[in-house]
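Chemist: Please read through the structure below; I'll follow up with questions.
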Amino acid sequence: MATSASSHLNKSIKQMYMSLPQGEKVQAMYIWVDGCKTCTLDCELKCIEELPDWNFDGFITFQSEGSNSDMYLSLVAMF
């Protein structure tokens, strides 16, 4: 059975980065059909009303055509 290349990496390097102080920062992942996008927030939010709507260029991700390719993500649930 073959082993992955990452299994041969020095695990202490990962631990060095994992032990860096992170403060109160958290990551929020916006998930939709056929894609996702993650942002870093200063603190954990309690409800979806506190999370910002987000946009991205749909042309670059092949999710929109033409000159009007701005895509807007509006939250409907938080887990």
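In the structure tokens, chains take the letters A, B, ... in the order shown, each chain's residues start at 1, and ligands count up from 1 in the order shown.
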Using the chain letters and numbers from this document, which residues of chain A does DSSP assign to helix (DSSP H, G or I), as a list in words?
Modeler: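 Put together, the selection reads Ala5, Ser6, Ser7, His8, Lys11, Ser12, Ile13, Lys14, Gln15, Met16, Tyr17, Met18, Ile48, Glu49 and Glu50 of chain A.
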Chemist: Fewer than 2 positions away in the same chain doesn't count, so skip those; otherwise give me all residues within 8 Å of Asp42 of chain A, counting only C-alpha atoms, as a JSON list (two decimals) with C-alpha atoms, in the first residue's frame.
Modeler:
```
[["chain", "number", "residue", "atom", "x", "y", "z"],
["A", 24, "GLU", "CA", -10.22, 35.48, 19.07],
["A", 25, "LYS", "CA", -10.11, 35.15, 15.28],
["A", 26, "VAL", "CA", -12.32, 32.55, 13.60],
["A", 40, "THR", "CA", -11.37, 35.41, 8.72],
["A", 44, "GLU", "CA", -17.05, 34.37, 16.80]]
```
Chemist: Nearest residue to Asn55 of chain A out of A:Asn10, A:Ser67, A:Tyr30, A:Ala77, using only C-alpha atoms?
Modeler: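 When distances to Asn55 of chain A are compared using only C-alpha atoms, the smallest one comes from A:Tyr30.
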Chemist: Between A:Asn68, A:Ser4, A:Ser19, A:Phe56, single out the one closest to Gly35 of chain A, counting only C-alpha atoms.
Modeler: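 Comparing A:Asn68, A:Ser4, A:Ser19, A:Phe56 against Gly35 of chain A, the winner is A:Phe56.
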Chemist: Name the residues in contact with Ile31 of chain A at a cut-off of 10 Å, using only C-alpha atoms, excluding same-chain residues fewer than 4 positions from it; report them as a PyMOL selection string.
Modeler: chain A and resi 35-38+73+75
